[in-house]
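J.: I have a structure I would like to understand better, so I am pasting it below and will then ask my questions one at a time.
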Amino acid sequence: MSEAIAIENVTGTASKPPEAVVRKALLTDVRPLLDLINDYASQGIMLPRTEFELAENIRDFTVALDGSELAGCGALHFYGSRIGEIRSLGVHPAHQHLGAGKRLMEALEAEAIDHGLQSVFAFTYIPGFFAKFGYLEVDRQLLPAKVWKDCLRCPKLQCCDEIAVRKILVAVDLPTPAWGDETGPNGFAILPVVGERWPRK
């Protein structure tokens, strides 16, 4: 199983007022992020994280705030220059109904577009949430970068029950890819085989 992107407690509707405020994460957010993510990890929803891992990857994260308190979080992780993953997306049970899930998704997708990504994907237990944003279910085997890079550390590797979803952000004519940045017909990155000479003859 790949790293969990489960958002069972994320709602896609916002009640007014109030409304969550979304911004990029800061190092001062590491401790509340650690508590939120590892609480979900204890339920088998996300992979556990260490304080060092979160600090090292803090620039991937966007947070939703309810006043001064962390209401939710999500991260955008890059796989090459054309595809990214939305991961670690969740809302604290005490801060639901603020539209945090919706606002986090919108912010992460906007960030992906700003960086020139062609598509984004996620692994989730509730594909219906992602479907509201235009995501379609895909075969997880089409995501080799994700499966082999991150999933090896997951205890559910051999019995993954998450669903892979993907969304095309921008349809463009792409130039000839550089090494390690080739895209297949399905829009997913193709990684060179370890030990294989490149370019292929």
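By convention in this document, the chains of the structure tokens carry letters A, B, ... by their order, each chain's residues are numbered from 1, and ligands are numbered from 1 in the order they are shown.
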Would you list, as a list in words, the residues of range 111-150 of chain A that end up in strand (DSSP E) under DSSP run on this structure's backbone?
T.: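 Selection result, strand (DSSP E) within range 111-150 of chain A: Ser119, Val120, Phe121, Ala122, Phe123, Thr124, Leu136 and Glu137 of chain A.
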J.: Selected residues, C-alpha atoms, written as a compact mmCIF listing (two decimals), in the first residue's frame, please.
T.:
# COMPACT_ATOMS: atom_id res chain seq x y z
CA SER A 119 -1.59 16.40 -13.44
CA VAL A 120 -1.93 15.44 -9.80
CA PHE A 121 -2.90 12.17 -8.13
CA ALA A 122 -3.78 10.87 -4.69
CA PHE A 123 -4.48 7.65 -2.84
CA THR A 124 -7.68 7.78 -0.81
CA LEU A 136 -11.08 10.03 -11.85
CA GLU A 137 -10.15 6.61 -10.52
J.: Quick one: residues within 9 Å of Tyr40 in chain A, only C-alpha atoms, excluding same-chain residues fewer than 6 positions away - as JSON, numbers by chain?
T.: {"A": [6, 46, 47, 48, 90]}
J.: How would you write, as a compact mmCIF listing (two decimals) with N, CA and C atoms, in the first residue's frame, the set of residues in range 18-128 of chain A that DSSP gives as alpha helix (DSSP H)?
T.:
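To be explicit, this is the file written out as result37.txt:
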# COMPACT_ATOMS: atom_id res chain seq x y z
N VAL A 30 5.11 22.70 12.81
CA VAL A 30 5.55 21.30 12.83
C VAL A 30 4.90 20.51 13.96
N ARG A 31 4.89 21.06 15.16
CA ARG A 31 4.34 20.32 16.30
C ARG A 31 2.86 20.00 16.13
N PRO A 32 1.98 20.97 15.81
CA PRO A 32 0.58 20.61 15.60
C PRO A 32 0.37 19.70 14.39
N LEU A 33 1.19 19.84 13.35
CA LEU A 33 1.12 18.92 12.21
C LEU A 33 1.46 17.50 12.65
N LEU A 34 2.48 17.39 13.47
CA LEU A 34 2.90 16.08 13.97
C LEU A 34 1.76 15.41 14.74
N ASP A 35 1.09 16.19 15.58
CA ASP A 35 -0.01 15.63 16.37
C ASP A 35 -1.16 15.19 15.48
N LEU A 36 -1.53 16.01 14.50
CA LEU A 36 -2.66 15.68 13.63
C LEU A 36 -2.37 14.46 12.77
N ILE A 37 -1.22 14.46 12.11
CA ILE A 37 -0.87 13.37 11.20
C ILE A 37 -0.69 12.06 11.95
N ASN A 38 -0.02 12.10 13.08
CA ASN A 38 0.21 10.85 13.81
C ASN A 38 -1.04 10.34 14.51
N ASP A 39 -1.99 11.23 14.77
CA ASP A 39 -3.28 10.76 15.28
C ASP A 39 -3.99 9.95 14.20
N TYR A 40 -3.96 10.43 12.96
CA TYR A 40 -4.53 9.66 11.85
C TYR A 40 -3.72 8.40 11.60
N ALA A 41 -2.42 8.48 11.78
CA ALA A 41 -1.57 7.30 11.58
C ALA A 41 -1.94 6.20 12.56
N GLU A 51 9.18 14.37 13.68
CA GLU A 51 9.34 15.82 13.68
C GLU A 51 10.37 16.24 12.64
N PHE A 52 11.44 15.45 12.51
CA PHE A 52 12.47 15.77 11.53
C PHE A 52 11.92 15.70 10.11
N GLU A 53 11.13 14.67 9.81
CA GLU A 53 10.57 14.52 8.46
C GLU A 53 9.66 15.69 8.10
N LEU A 54 8.85 16.12 9.05
CA LEU A 54 7.96 17.23 8.78
C LEU A 54 8.73 18.53 8.58
N ALA A 55 9.73 18.76 9.41
CA ALA A 55 10.54 19.97 9.26
C ALA A 55 11.27 19.96 7.92
N GLU A 56 11.77 18.79 7.54
CA GLU A 56 12.51 18.67 6.29
C GLU A 56 11.62 18.92 5.07
N ALA A 100 -12.59 23.64 5.39
CA ALA A 100 -11.13 23.47 5.34
C ALA A 100 -10.71 22.48 4.27
N GLY A 101 -11.42 21.36 4.13
CA GLY A 101 -11.05 20.38 3.11
C GLY A 101 -11.11 20.96 1.72
N LYS A 102 -12.18 21.68 1.42
CA LYS A 102 -12.36 22.30 0.11
C LYS A 102 -11.28 23.35 -0.15
N ARG A 103 -11.02 24.19 0.83
CA ARG A 103 -10.03 25.26 0.65
C ARG A 103 -8.62 24.70 0.51
N LEU A 104 -8.32 23.64 1.23
CA LEU A 104 -7.00 23.01 1.09
C LEU A 104 -6.83 22.43 -0.30
N MET A 105 -7.85 21.74 -0.80
CA MET A 105 -7.78 21.18 -2.15
C MET A 105 -7.56 22.27 -3.19
N GLU A 106 -8.31 23.34 -3.08
CA GLU A 106 -8.18 24.44 -4.04
C GLU A 106 -6.79 25.05 -3.99
N ALA A 107 -6.25 25.22 -2.78
CA ALA A 107 -4.92 25.81 -2.63
C ALA A 107 -3.84 24.89 -3.19
N LEU A 108 -3.94 23.60 -2.94
CA LEU A 108 -2.94 22.65 -3.42
C LEU A 108 -2.98 22.54 -4.94
N GLU A 109 -4.17 22.54 -5.53
CA GLU A 109 -4.27 22.49 -6.98
C GLU A 109 -3.73 23.77 -7.62
N ALA A 110 -4.02 24.92 -7.01
CA ALA A 110 -3.50 26.18 -7.52
C ALA A 110 -1.98 26.19 -7.47
N GLU A 111 -1.42 25.66 -6.41
CA GLU A 111 0.03 25.57 -6.29
C GLU A 111 0.61 24.67 -7.37
N ALA A 112 -0.06 23.55 -7.64
CA ALA A 112 0.40 22.63 -8.68
C ALA A 112 0.40 23.31 -10.04
N ILE A 113 -0.64 24.06 -10.33
CA ILE A 113 -0.71 24.77 -11.61
C ILE A 113 0.36 25.85 -11.69
N ASP A 114 0.58 26.58 -10.60
CA ASP A 114 1.61 27.62 -10.57
C ASP A 114 2.99 27.05 -10.86
N PRO A 127 -12.95 8.20 -2.58
CA PRO A 127 -12.81 8.82 -3.89
C PRO A 127 -13.93 9.79 -4.22
N GLY A 128 -15.07 9.66 -3.54
CA GLY A 128 -16.18 10.57 -3.79
C GLY A 128 -15.83 12.01 -3.48
J.: If you count only C-alpha atoms, which residues fall within 8 Å of His92 in chain A, apart from same-chain ones fewer than 5 positions away, as JSON, numbers by chain?
T.: {"A": [9, 36, 70, 71, 72]}
J.: Rank A:Ile45, A:Val91, A:Glu85, A:Gly134 by their smallest atom-to-atom distance to Glu162 in chain A, using only C-alpha atoms, and report the top residue only.
T.: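 Ranking A:Ile45, A:Val91, A:Glu85, A:Gly134 by distance to Glu162 in chain A, first place goes to A:Ile45.
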J.: Which residue, A:Phe61, A:Tyr135, A:Phe129, A:Phe78, has the smallest gap to Leu27 in chain A when you use only C-alpha atoms?
T.: A:Phe61
J.: Just the residues within 9 Å of Val138 in chain A, please, counting only C-alpha atoms, with nothing from its chain fewer than 3 positions along; format it as a list in words.
T.: Gln141, Leu142, Ile163, Ala164, Val165 and Arg166 of chain A
J.: Taking only C-alpha atoms into account, which of A:Gln43, A:Ala64, A:Arg49, A:Arg140 comes nearest Gly99 in chain A?
T.: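 Among A:Gln43, A:Ala64, A:Arg49, A:Arg140, it is A:Ala64 that comes nearest to Gly99 in chain A.
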J.: Using only C-alpha atoms, can you tell me which of A:Ala131, A:Leu169, A:Ala20, A:Leu98 comes closest to Gly67 in chain A?
T.: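 When distances to Gly67 in chain A are compared using only C-alpha atoms, the smallest one comes from A:Ala20.
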J.: With distances taken over only C-alpha atoms, which residue among A:Cys160, A:Leu117, A:Val170, A:Leu65 lies nearest Gly80 in chain A?
T.: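 Of A:Cys160, A:Leu117, A:Val170, A:Leu65, the one nearest Gly80 in chain A is A:Leu117, counting only C-alpha atoms.
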